[in-house]
$ cat run25.txt   # compact mmCIF, C-alpha atoms
# COMPACT_ATOMS: atom_id res chain seq x y z
CA MET A 1 117.34 82.83 76.48
CA PHE A 2 120.41 80.97 77.76
CA PHE A 3 122.17 82.37 80.85
CA PRO A 4 125.69 80.90 80.84
CA ILE A 5 126.62 81.75 84.45
CA SER A 6 123.86 79.63 86.04
CA GLY A 7 123.40 77.41 82.96
CA ALA A 8 119.64 78.10 82.96
CA HIS A 9 117.24 78.62 80.04
CA ILE A 10 114.66 81.23 81.10
CA SER A 11 112.36 83.47 79.07
CA PRO A 12 113.48 87.12 79.41
CA ILE A 13 109.83 88.21 79.17
CA TYR A 14 109.01 86.05 82.23
CA LEU A 15 111.91 87.62 84.13
CA ALA A 16 110.90 91.17 83.13
CA ILE A 17 107.27 90.53 84.21
CA VAL A 18 108.37 89.08 87.59
CA GLY A 19 110.67 92.11 88.01
CA PHE A 20 107.83 94.47 87.11
CA LEU A 21 105.43 92.98 89.70
CA ILE A 22 108.05 92.94 92.45
CA GLY A 23 109.06 96.46 91.45
CA ILE A 24 105.54 97.75 92.13
CA LEU A 25 105.54 96.08 95.59
CA GLY A 26 109.01 97.42 96.35
CA GLY A 27 108.23 100.97 95.30
CA PHE A 28 104.97 101.06 97.24
CA PHE A 29 105.87 99.14 100.41
CA GLY A 30 109.67 99.49 100.58
CA VAL A 31 110.25 95.74 100.58
CA GLY A 32 112.70 93.65 98.56
CA GLY A 33 110.02 91.16 97.51
CA SER A 34 112.25 88.11 97.93
CA PHE A 35 109.31 86.04 99.17
CA ILE A 36 107.96 86.25 95.58
CA ALA A 37 111.20 86.56 93.59
CA GLY A 38 112.84 83.51 95.22
CA PRO A 39 109.97 81.11 94.42
CA ALA A 40 109.51 82.71 90.96
CA LEU A 41 113.17 82.07 90.09
CA ARG A 42 112.95 78.53 91.47
CA LEU A 43 109.85 77.98 89.33
CA ALA A 44 111.87 79.03 86.27
CA GLY A 45 114.34 76.25 87.03
CA LEU A 46 117.12 78.15 88.82
CA ASP A 47 119.01 76.34 91.60
CA TRP A 48 118.20 77.52 95.13
CA ASN A 49 121.65 79.08 95.76
CA PHE A 50 121.45 81.06 92.49
CA ALA A 51 117.85 82.09 93.25
CA VAL A 52 118.90 83.62 96.60
CA GLY A 53 122.04 85.41 95.33
CA THR A 54 120.49 86.63 92.05
CA ASP A 55 117.42 87.89 93.88
CA LEU A 56 119.67 90.02 96.11
CA ALA A 57 121.40 91.54 93.06
CA HIS A 58 118.03 92.33 91.50
CA ILE A 59 116.86 93.91 94.78
CA VAL A 60 119.84 96.32 94.60
CA GLY A 61 118.86 97.55 91.13
CA LYS A 62 115.18 97.85 91.92
CA SER A 63 115.87 99.69 95.17
CA VAL A 64 118.12 102.20 93.36
CA VAL A 65 115.27 103.06 90.97
CA ALA A 66 112.60 103.25 93.69
CA ALA A 67 114.85 105.14 96.12
CA LYS A 68 115.71 107.75 93.45
CA ARG A 69 112.00 108.33 92.88
CA HIS A 70 111.27 108.43 96.63
CA ARG A 71 114.12 110.91 97.10
CA ALA A 72 112.51 113.19 94.53
CA LEU A 73 109.29 112.93 96.56
CA GLY A 74 111.17 113.83 99.79
CA ASN A 75 110.63 110.38 101.32
CA ILE A 76 114.20 109.52 102.33
CA ASP A 77 115.97 110.23 105.62
CA LEU A 78 119.63 109.70 104.63
CA ARG A 79 120.96 109.95 108.19
CA LEU A 80 118.56 107.30 109.46
CA GLY A 81 119.26 105.05 106.45
CA LEU A 82 123.03 105.15 106.99
CA ILE A 83 122.72 104.40 110.73
CA MET A 84 120.34 101.53 110.03
CA ALA A 85 122.65 100.01 107.41
CA ILE A 86 125.30 99.45 110.12
CA GLY A 87 122.86 97.51 112.32
CA THR A 88 121.41 95.55 109.40
CA ILE A 89 124.77 94.33 108.11
CA GLY A 90 125.83 93.27 111.65
CA GLY A 91 122.48 91.54 112.23
CA ALA A 92 122.62 89.74 108.88
CA GLU A 93 125.98 88.22 109.82
CA VAL A 94 124.57 87.03 113.18
CA GLY A 95 121.50 85.58 111.39
CA ALA A 96 123.74 83.72 108.93
CA GLN A 97 125.77 82.30 111.85
CA LEU A 98 122.53 81.16 113.57
CA ILE A 99 121.64 79.29 110.38
CA GLN A 100 125.05 77.58 110.38
CA MET A 101 124.54 76.56 114.04
CA LEU A 102 121.12 75.10 113.28
CA LYS A 103 122.54 73.32 110.22
CA ARG A 104 125.10 71.62 112.47
CA ALA A 105 122.33 70.69 114.93
CA GLY A 106 120.39 69.22 111.98
CA ASN A 107 117.04 70.98 112.50
CA VAL A 108 117.44 74.13 110.43
CA ASN A 109 114.35 73.69 108.22
CA THR A 110 111.88 73.08 111.05
CA VAL A 111 113.16 75.91 113.26
CA VAL A 112 113.38 78.49 110.44
CA SER A 113 109.93 77.52 109.14
CA ILE A 114 108.22 77.77 112.55
CA VAL A 115 109.96 81.06 113.44
CA SER A 116 109.05 82.61 110.10
CA ILE A 117 105.38 81.52 110.34
CA VAL A 118 105.10 83.01 113.85
CA VAL A 119 106.82 86.25 112.76
CA TYR A 120 104.78 86.67 109.55
CA LEU A 121 101.46 85.99 111.26
CA GLY A 122 102.41 88.21 114.22
CA ILE A 123 103.27 91.18 111.96
CA SER A 124 100.10 90.81 109.90
CA SER A 125 97.80 90.51 112.92
CA PHE A 126 99.38 93.48 114.65
CA MET A 127 99.24 95.66 111.54
CA ILE A 128 95.60 94.79 110.87
CA TRP A 129 94.72 95.80 114.44
CA GLU A 130 96.80 98.99 114.46
CA SER A 131 95.96 100.38 111.01
CA TRP A 132 92.26 99.58 111.42
CA LYS A 133 92.18 101.28 114.82
CA THR A 134 94.06 104.30 113.46
CA LEU A 135 91.68 104.63 110.50
CA GLN A 136 88.73 104.48 112.91
CA MET A 137 90.38 107.16 115.10
CA GLN A 138 90.90 109.41 112.06
CA LYS A 139 87.33 108.91 110.91
CA ASN A 140 86.03 110.15 114.25
CA LYS A 141 88.46 113.05 114.46
CA VAL A 142 88.96 114.54 110.99
CA PRO A 143 86.28 115.58 108.49
CA ARG A 144 86.16 113.05 105.62
CA ALA A 145 87.10 115.56 102.94
CA ASN A 146 90.48 116.14 104.60
CA LEU A 147 91.37 112.47 104.42
CA LYS A 148 91.35 112.25 100.63
CA GLY A 149 94.86 111.84 99.24
CA ALA A 150 98.02 111.96 101.28
CA LYS A 151 98.63 115.70 101.29
CA THR A 152 100.62 115.44 104.48
CA LYS A 153 103.22 112.85 105.46
CA GLN A 154 102.46 113.38 109.15
CA ASP A 155 101.30 110.03 110.34
CA GLU A 156 98.83 108.96 112.99
CA SER A 157 99.10 105.63 114.73
CA ALA A 158 97.15 103.89 117.47
CA PHE A 159 100.55 102.67 118.72
CA LYS A 160 101.87 106.24 119.20
CA PRO A 161 102.00 106.18 123.07
CA ALA A 162 104.37 103.19 122.98
CA THR A 163 106.46 104.85 120.24
CA ARG A 164 106.79 108.03 122.37
CA ALA A 165 107.89 105.94 125.37
CA ILE A 166 110.63 104.35 123.21
CA GLN A 167 111.74 107.81 122.01
CA ARG A 168 111.98 109.00 125.65
CA VAL A 169 114.53 106.28 126.58
CA LYS A 170 117.75 108.23 127.23
CA ILE A 171 120.76 106.10 126.35
CA TRP A 172 123.64 108.27 125.15
CA PRO A 173 124.32 109.23 122.36
CA MET A 174 120.97 110.74 121.38
CA VAL A 175 120.42 111.73 117.74
CA SER A 176 117.80 113.89 116.07
CA LEU A 177 116.16 113.00 112.76
CA PRO A 178 114.73 116.29 111.52
CA VAL A 179 113.71 114.88 108.11
CA SER A 180 111.55 112.25 109.86
CA GLY A 181 110.28 114.70 112.48
CA VAL A 182 111.96 112.83 115.37
CA LYS A 183 113.43 115.38 117.79
CA SER A 184 115.54 112.96 119.81
CA ILE A 185 116.09 109.20 119.92
CA SER A 186 118.87 106.99 121.22
CA LEU A 187 121.33 105.87 118.52
CA TRP A 188 121.38 102.44 120.18
CA ILE A 189 117.64 101.98 119.71
CA ILE A 190 117.97 102.66 115.96
CA ILE A 191 120.90 100.25 115.71
CA PHE A 192 119.05 97.64 117.80
CA VAL A 193 115.93 97.84 115.60
CA SER A 194 117.98 97.54 112.39
CA PHE A 195 120.09 94.77 113.94
CA ILE A 196 116.95 92.70 114.63
CA GLY A 197 115.84 93.30 111.01
CA GLY A 198 119.30 92.18 109.88
CA VAL A 199 119.14 89.02 112.02
CA PHE A 200 115.84 88.08 110.34
CA SER A 201 117.33 88.92 106.95
CA GLY A 202 120.26 86.57 107.55
CA PHE A 203 118.06 83.96 109.25
CA LEU A 204 115.05 83.87 106.93
CA GLY A 205 116.68 85.22 103.73
CA GLY A 206 115.84 88.26 101.60
CA GLY A 207 115.91 91.88 102.67
CA ALA A 208 113.48 91.52 105.65
CA GLY A 209 111.65 94.73 104.67
CA TYR A 210 108.45 93.11 106.03
CA ILE A 211 110.00 93.50 109.51
CA ARG A 212 112.05 96.68 109.07
CA MET A 213 109.37 98.90 107.55
CA PRO A 214 106.80 98.23 110.36
CA SER A 215 109.57 98.50 112.99
CA MET A 216 110.55 101.94 111.71
CA VAL A 217 106.94 103.13 111.93
CA TYR A 218 105.97 101.59 115.26
CA LEU A 219 109.22 101.54 117.24
CA LEU A 220 111.11 104.56 115.89
CA GLY A 221 108.07 106.73 115.06
CA ILE A 222 109.04 107.36 111.41
CA PRO A 223 106.12 108.45 109.16
CA THR A 224 105.08 105.59 106.83
CA HIS A 225 106.06 107.35 103.57
CA LEU A 226 109.53 108.07 104.95
CA ALA A 227 109.83 104.54 106.35
CA VAL A 228 109.16 103.15 102.86
CA GLY A 229 111.70 105.45 101.15
CA THR A 230 114.37 105.14 103.84
CA ASP A 231 113.99 101.36 103.95
CA LEU A 232 114.66 101.25 100.20
CA PHE A 233 117.76 103.41 100.59
CA GLU A 234 118.99 101.18 103.41
CA ILE A 235 118.25 98.04 101.33
CA ILE A 236 120.62 99.35 98.61
CA ILE A 237 123.50 99.23 101.09
CA SER A 238 122.65 95.95 102.84
CA ALA A 239 121.62 94.08 99.65
CA SER A 240 124.82 95.28 97.90
CA TYR A 241 126.82 93.76 100.74
CA GLY A 242 124.80 90.53 100.40
CA THR A 243 125.25 90.50 96.62
CA ILE A 244 129.03 90.83 96.87
CA THR A 245 129.37 88.04 99.47
CA HIS A 246 127.05 85.75 97.47
CA ALA A 247 128.82 86.59 94.16
CA ILE A 248 132.17 85.64 95.69
CA LYS A 249 130.61 82.29 96.71
CA GLY A 250 129.39 81.80 93.11
CA ASN A 251 125.66 82.28 93.81
CA VAL A 252 124.87 85.27 91.55
CA ASP A 253 123.87 85.22 87.87
CA ILE A 254 124.07 88.93 87.21
CA LEU A 255 122.65 88.59 83.68
CA ILE A 256 119.35 87.29 85.08
CA ALA A 257 119.28 90.14 87.62
CA LEU A 258 119.92 92.70 84.84
CA VAL A 259 117.01 91.34 82.77
CA MET A 260 114.67 91.30 85.81
CA ASN A 261 115.68 94.85 86.53
CA THR A 262 114.40 96.11 83.16
CA GLY A 263 110.84 95.31 84.33
CA ALA A 264 111.50 96.38 87.90
CA ALA A 265 112.63 99.85 86.76
CA ILE A 266 109.12 100.66 85.50
CA GLY A 267 107.30 98.83 88.33
CA ALA A 268 109.31 100.51 91.11
CA GLN A 269 108.51 103.96 89.72
CA ILE A 270 104.81 103.17 89.53
CA GLY A 271 104.85 101.87 93.12
CA ALA A 272 106.75 104.90 94.43
CA ILE A 273 104.44 107.39 92.69
CA CYS A 274 101.35 105.53 94.03
CA THR A 275 102.42 106.19 97.65
CA GLN A 276 101.49 109.85 97.09
CA TYR A 277 97.82 108.92 96.81
CA PHE A 278 97.51 106.94 100.04
CA THR A 279 97.69 107.91 103.70
CA GLY A 280 100.09 106.12 106.09
CA PRO A 281 97.50 103.85 107.77
CA LYS A 282 96.10 102.81 104.37
CA ILE A 283 99.59 101.86 103.14
CA ARG A 284 100.08 99.87 106.36
CA LEU A 285 96.72 98.11 105.95
CA ALA A 286 97.56 97.26 102.33
CA PHE A 287 100.91 95.88 103.55
CA VAL A 288 99.18 93.15 105.64
CA PRO A 289 98.86 90.51 102.84
CA LEU A 290 102.63 90.52 102.16
CA PRO A 291 103.75 88.70 105.34
CA LEU A 292 100.66 86.46 104.99
CA ILE A 293 101.83 85.39 101.50
CA GLY A 294 105.22 84.62 103.05
CA ALA A 295 103.52 82.53 105.77
CA VAL A 296 101.45 80.60 103.20
CA ILE A 297 104.59 79.79 101.17
CA VAL A 298 106.40 78.50 104.29
CA ILE A 299 103.35 76.45 105.43
CA TYR A 300 103.14 74.98 101.90
CA THR A 301 106.81 73.96 101.91
CA LEU A 302 106.50 72.53 105.43
CA TRP A 303 103.36 70.61 104.51
CA THR A 304 104.46 69.19 101.15
CA GLY A 305 108.22 69.02 101.60
CA HIS A 306 108.69 70.85 98.26
CA LYS A 307 110.89 73.91 98.54
CA LEU A 308 109.50 76.67 96.31
CA MET B 1 88.85 114.09 85.14
CA LYS B 2 88.13 111.15 82.81
CA ALA B 3 89.95 112.90 79.96
CA ASP B 4 92.95 113.42 82.25
CA THR B 5 93.00 109.73 83.23
CA ALA B 6 92.72 108.66 79.60
CA LYS B 7 95.57 111.01 78.67
CA THR B 8 97.77 109.65 81.46
CA LEU B 9 97.01 106.05 80.51
CA ARG B 10 97.71 106.77 76.82
CA ALA B 11 101.02 108.44 77.75
CA PHE B 12 101.91 105.48 79.94
CA ALA B 13 101.07 102.96 77.17
CA VAL B 14 103.24 104.89 74.68
CA GLU B 15 106.05 105.02 77.23
CA LEU B 16 105.75 101.27 77.82
CA GLY B 17 105.89 100.62 74.06
CA VAL B 18 109.00 102.77 73.50
CA TYR B 19 110.62 101.35 76.62
CA ALA B 20 109.88 97.73 75.54
CA ALA B 21 111.45 98.36 72.10
CA LEU B 22 114.59 99.81 73.72
CA VAL B 23 114.79 96.96 76.22
CA VAL B 24 114.49 94.28 73.50
CA GLY B 25 117.37 95.95 71.66
CA TYR B 26 119.32 96.00 74.92
CA PHE B 27 118.73 92.25 75.49
CA PHE B 28 120.09 91.29 72.10
CA LEU B 29 123.00 93.70 71.86
CA VAL B 30 124.47 94.42 75.30
CA LEU B 31 123.64 91.22 77.19
CA HIS B 32 124.68 89.04 74.23
CA PHE B 33 128.13 90.64 74.14
CA LEU B 34 128.52 90.83 77.92
CA GLY B 35 127.40 87.23 78.56
CA ASP B 36 130.58 85.36 77.67
CA TRP B 37 132.87 87.94 79.23
CA LEU B 38 130.96 87.87 82.53
CA HIS B 39 130.88 84.06 82.49
CA GLN B 40 134.68 83.91 82.13
CA LEU B 41 135.06 86.52 84.87
CA GLU B 42 132.78 84.50 87.17
CA LEU B 43 134.82 81.34 86.55
CA HIS B 44 138.30 82.80 86.96
CA HIS B 45 138.12 86.08 88.93
CA ARG B 46 135.29 85.84 91.47
CA THR B 47 136.09 89.01 93.43
CA THR B 48 136.34 91.14 90.28
CA TYR B 49 133.08 89.55 89.10
CA ALA B 50 131.36 90.46 92.39
CA TRP B 51 132.34 94.14 92.12
CA THR B 52 131.55 94.24 88.40
CA ALA B 53 128.11 92.76 89.15
CA ILE B 54 127.32 95.52 91.64
CA LEU B 55 128.56 98.24 89.29
CA LEU B 56 126.49 96.82 86.42
CA ILE B 57 123.24 96.52 88.38
CA VAL B 58 123.54 99.98 89.95
CA GLY B 59 124.64 101.55 86.65
CA GLN B 60 121.78 99.95 84.76
CA ALA B 61 119.29 101.05 87.43
CA VAL B 62 120.44 104.67 87.22
CA VAL B 63 120.31 104.66 83.39
CA LEU B 64 116.85 103.01 83.33
CA GLU B 65 115.47 105.41 85.92
CA ASN B 66 116.72 108.38 83.90
CA LEU B 67 115.40 106.85 80.68
CA THR B 68 111.90 106.18 82.05
CA THR B 69 111.73 109.65 83.64
CA PHE B 70 112.84 111.24 80.35
CA LEU B 71 110.35 109.21 78.29
CA LEU B 72 107.50 110.03 80.64
CA ARG B 73 108.34 113.75 80.63
CA MET B 74 108.70 113.84 76.83
CA ILE B 75 105.51 111.91 76.08
CA ARG B 76 103.44 113.76 78.67
CA GLY B 77 104.81 117.08 77.40
CA ARG B 78 103.70 116.25 73.87
CA SER B 79 100.25 115.04 74.87
CA GLU B 80 99.47 118.25 76.76

$ encode --input "run25.txt" --output "structure tokens"
Amino acid sequence: MFFPISGAHISPIYLAIVGFLIGILGGFFGVGGSFIAGPALRLAGLDWNFAVGTDLAHIVGKSVVAAKRHRALGNIDLRLGLIMAIGTIGGAEVGAQLIQMLKRAGNVNTVVSIVSIVVYLGISSFMIWESWKTLQMQKNKVPRANLKGAKTKQDESAFKPATRAIQRVKIWPMVSLPVSGVKSISLWIIIFVSFIGGVFSGFLGGGAGYIRMPSMVYLLGIPTHLAVGTDLFEIIISASYGTITHAIKGNVDILIALVMNTGAAIGAQIGAICTQYFTGPKIRLAFVPLPLIGAVIVIYTLWTGHKL
Amino acid sequence: MKADTAKTLRAFAVELGVYAALVVGYFFLVLHFLGDWLHQLELHHRTTYAWTAILLIVGQAVVLENLTTFLLRMIRGRSE
């Protein structure tokens, strides 16, 4: 099929299958999946600028589908999502400016690659340690029969003492997040956490869900199921902003995004429904390979010089 | 339990089949007609194109989500 905006010939079945696979990941983990979609679009022959912009547009559509499903399951904290969107958009602009600075200094590829490898490996290692420890804690505490299925969204975490200390920091204004079960937390901490996620989004590309979802769980104390749903809701806002700015720069082939979205619509629903059958620590443990895949892709590009 | 799983999988396969047929029709009809218009918009009116792109992707997502939910409900309802 010929896509006149980008001038690319790509099979619509290939696009729908890629969308379907990323949709499952997005629905289950609350991530945009740009670390797979970007290389997949490049592999199909799309220029890098179109791959980045089109991927963002596709993320918007997929997140709408997954967020609607998560909302029906009671997994979205609208107040938290709206607050986080402010920080993310601000952070994304700062991240984009950092990239411009590094471009002028002439070492953008090396710095971005090394930072992303350190971040990806750091997140994976930490999440392996934490989710494994939490699962061990649960095994010792709760009878096995009670662990089957995710009947409750109340989450346990081996990192809880640190999370409580963060929630106790009193910097006015304090907000409560009743949907997430957080009685009181500083607004500035929420904005700071989302700002950092936004900086990584602007700096490394994509939606940075691999940073935001764990940050929401470990730093803000949001239950995993709600972190997944709320992250998707927040991605709708921040990725829409990214799509508009990229479309104005001529980097979006919306026809490709629309075709990808036909597969993603089914995949995102499957992913969202699957979260019901897993407890928080198991979702977090299953999340670990995602940043590792990102790290492998960056190491490959650094090693071979080929940009996927 | 096994019968339930088989029923769910059958319902899902039927849904996928119906959905695929609808999507193929969508590719050839809607995207074919929209393609040239969007291309012209992208060349001459970038800002309008950007907003149209967002409206299209969100609109399609809402329609597809409703469609898949409806298909799943209808097919599951019949198989029970």

$ interface_residues --input "run25.txt" --of "chain A" --to "chain B" --cutoff "8 Å" --atoms "all atoms listed in the file" --output "ChimeraX atom specification"
/A:3-5,57-58,60-62,64-65,68,240,243-245,247-250,254-255,257-259,261-262,265-266

$ residues_around --input "run25.txt" --residues "region 186-193 of chain A" --least-positions-apart "6" --cutoff "10 Å" --atoms "all atoms listed in the file" --output "mmCIF file with C-alpha atoms, keeping the file's coordinate frame"
data_model
loop_
_atom_site.group_PDB
_atom_site.id
_atom_site.type_symbol
_atom_site.label_atom_id
_atom_site.label_comp_id
_atom_site.auth_asym_id
_atom_site.auth_seq_id
_atom_site.Cartn_x
_atom_site.Cartn_y
_atom_site.Cartn_z
ATOM 1 C CA LEU A 80 118.560 107.300 109.460
ATOM 2 C CA GLY A 81 119.260 105.050 106.450
ATOM 3 C CA ILE A 83 122.720 104.400 110.730
ATOM 4 C CA MET A 84 120.340 101.530 110.030
ATOM 5 C CA ALA A 85 122.650 100.010 107.410
ATOM 6 C CA ILE A 86 125.300 99.450 110.120
ATOM 7 C CA GLY A 87 122.860 97.510 112.320
ATOM 8 C CA THR A 88 121.410 95.550 109.400
ATOM 9 C CA GLY A 90 125.830 93.270 111.650
ATOM 10 C CA GLY A 91 122.480 91.540 112.230
ATOM 11 C CA ILE A 166 110.630 104.350 123.210
ATOM 12 C CA GLN A 167 111.740 107.810 122.010
ATOM 13 C CA ARG A 168 111.980 109.000 125.650
ATOM 14 C CA VAL A 169 114.530 106.280 126.580
ATOM 15 C CA LYS A 170 117.750 108.230 127.230
ATOM 16 C CA ILE A 171 120.760 106.100 126.350
ATOM 17 C CA TRP A 172 123.640 108.270 125.150
ATOM 18 C CA PRO A 173 124.320 109.230 122.360
ATOM 19 C CA MET A 174 120.970 110.740 121.380
ATOM 20 C CA VAL A 175 120.420 111.730 117.740
ATOM 21 C CA SER A 176 117.800 113.890 116.070
ATOM 22 C CA ILE A 211 110.000 93.500 109.510
ATOM 23 C CA ARG A 212 112.050 96.680 109.070
ATOM 24 C CA SER A 215 109.570 98.500 112.990
ATOM 25 C CA MET A 216 110.550 101.940 111.710
ATOM 26 C CA LEU A 219 109.220 101.540 117.240
ATOM 27 C CA LEU A 220 111.110 104.560 115.890
#

$ residues_around --input "run25.txt" --residues "region 131-142 of chain A" --least-positions-apart "2" --cutoff "12 Å" --atoms "only C-alpha atoms" --output "number ranges by chain"
A: 123-129, 144-148, 155-160, 214, 217-218, 224, 279-288

$ atom_distance --input "run25.txt" --atom1 "CA of Gly221 (chain A)" --atom2 "CA of Ala165 (chain A)"
10.3 Å

$ atom_distance --input "run25.txt" --atom1 "CA of Arg10 (chain B)" --atom2 "CA of Met260 (chain A)"
24.7 Å

$ atom_distance --input "run25.txt" --atom1 "CA of Gly38 (chain A)" --atom2 "CA of Ala51 (chain A)"
5.6 Å

$ closest_residue --input "run25.txt" --among "A:Ile222, A:Leu121, A:Leu292, A:Ile114" --to "Arg164 (chain A)" --atoms "only C-alpha atoms"
A:Ile222

$ residues_around --input "run25.txt" --residues "Val111 (chain A)" --least-positions-apart "6" --cutoff "12 Å" --atoms "only C-alpha atoms" --output "ChimeraX atom specification"
/A:98-99,101-103,105,117-118,203-204,298,302

$ closest_residue --input "run25.txt" --among "A:Phe195, A:Ala72, A:Val252, A:Ile24" --to "Trp48 (chain A)" --atoms "only C-alpha atoms"
A:Val252

$ residues_around --input "run25.txt" --residues "Ala44 (chain A)" --least-positions-apart "2" --cutoff "9 Å" --atoms "all atoms listed in the file" --output "PyMOL selection string"
chain A and resi 8-11+14-15+39-42+46

$ write_last_selection --input "run25.txt" --atoms "C-alpha atoms" --output "PDB file, keeping the file's coordinate frame"
ATOM      1  CA  ALA A   8     119.640  78.100  82.960  1.00  0.00           C
ATOM      2  CA  HIS A   9     117.240  78.620  80.040  1.00  0.00           C
ATOM      3  CA  ILE A  10     114.660  81.230  81.100  1.00  0.00           C
ATOM      4  CA  SER A  11     112.360  83.470  79.070  1.00  0.00           C
ATOM      5  CA  TYR A  14     109.010  86.050  82.230  1.00  0.00           C
ATOM      6  CA  LEU A  15     111.910  87.620  84.130  1.00  0.00           C
ATOM      7  CA  PRO A  39     109.970  81.110  94.420  1.00  0.00           C
ATOM      8  CA  ALA A  40     109.510  82.710  90.960  1.00  0.00           C
ATOM      9  CA  LEU A  41     113.170  82.070  90.090  1.00  0.00           C
ATOM     10  CA  ARG A  42     112.950  78.530  91.470  1.00  0.00           C
ATOM     11  CA  LEU A  46     117.120  78.150  88.820  1.00  0.00           C
TER      12      LEU A  46
END

$ decode --input "run25.txt" --residues "region 113-133 of chain A" --atoms "N, CA and C atoms" --output "CSV table (one decimal), in the first residue's frame"
chain,number,residue,atom,x,y,z
A,113,SER,N,23.0,7.7,24.0
A,113,SER,CA,23.1,6.2,24.1
A,113,SER,C,23.5,5.8,25.4
A,114,ILE,N,24.6,6.4,26.0
A,114,ILE,CA,25.1,6.0,27.3
A,114,ILE,C,24.0,6.2,28.4
A,115,VAL,N,23.4,7.4,28.4
A,115,VAL,CA,22.4,7.7,29.4
A,115,VAL,C,21.3,6.7,29.3
A,116,SER,N,20.8,6.4,28.1
A,116,SER,CA,19.7,5.5,28.0
A,116,SER,C,20.0,4.1,28.4
A,117,ILE,N,21.3,3.6,28.1
A,117,ILE,CA,21.7,2.3,28.6
A,117,ILE,C,21.7,2.2,30.1
A,118,VAL,N,22.3,3.2,30.7
A,118,VAL,CA,22.3,3.3,32.2
A,118,VAL,C,20.9,3.3,32.8
A,119,VAL,N,20.0,4.1,32.2
A,119,VAL,CA,18.7,4.3,32.7
A,119,VAL,C,17.9,2.9,32.6
A,120,TYR,N,18.0,2.4,31.4
A,120,TYR,CA,17.2,1.1,31.1
A,120,TYR,C,17.7,0.0,32.1
A,121,LEU,N,19.0,-0.2,32.1
A,121,LEU,CA,19.6,-1.2,33.0
A,121,LEU,C,19.3,-1.0,34.5
A,122,GLY,N,19.3,0.3,34.9
A,122,GLY,CA,19.0,0.6,36.2
A,122,GLY,C,17.6,0.3,36.6
A,123,ILE,N,16.6,0.7,35.7
A,123,ILE,CA,15.2,0.4,36.0
A,123,ILE,C,15.0,-1.1,36.1
A,124,SER,N,15.5,-1.9,35.1
A,124,SER,CA,15.3,-3.3,35.1
A,124,SER,C,15.9,-4.0,36.4
A,125,SER,N,17.1,-3.6,36.7
A,125,SER,CA,17.7,-4.2,37.9
A,125,SER,C,16.9,-3.9,39.2
A,126,PHE,N,16.5,-2.7,39.3
A,126,PHE,CA,15.8,-2.3,40.5
A,126,PHE,C,14.4,-3.0,40.6
A,127,MET,N,13.8,-3.1,39.4
A,127,MET,CA,12.4,-3.8,39.4
A,127,MET,C,12.5,-5.3,39.6
A,128,ILE,N,13.6,-5.9,39.1
A,128,ILE,CA,13.8,-7.3,39.4
A,128,ILE,C,13.9,-7.5,40.9
A,129,TRP,N,14.8,-6.7,41.6
A,129,TRP,CA,15.0,-6.8,43.0
A,129,TRP,C,13.7,-6.6,43.8
A,130,GLU,N,13.1,-5.5,43.5
A,130,GLU,CA,11.9,-5.1,44.3
A,130,GLU,C,10.7,-6.1,44.1
A,131,SER,N,10.4,-6.4,42.9
A,131,SER,CA,9.2,-7.3,42.7
A,131,SER,C,9.5,-8.7,43.2
A,132,TRP,N,10.7,-9.1,43.0
A,132,TRP,CA,11.1,-10.5,43.6
A,132,TRP,C,11.0,-10.5,45.1
A,133,LYS,N,11.5,-9.4,45.7
A,133,LYS,CA,11.5,-9.3,47.2
A,133,LYS,C,10.0,-9.2,47.7
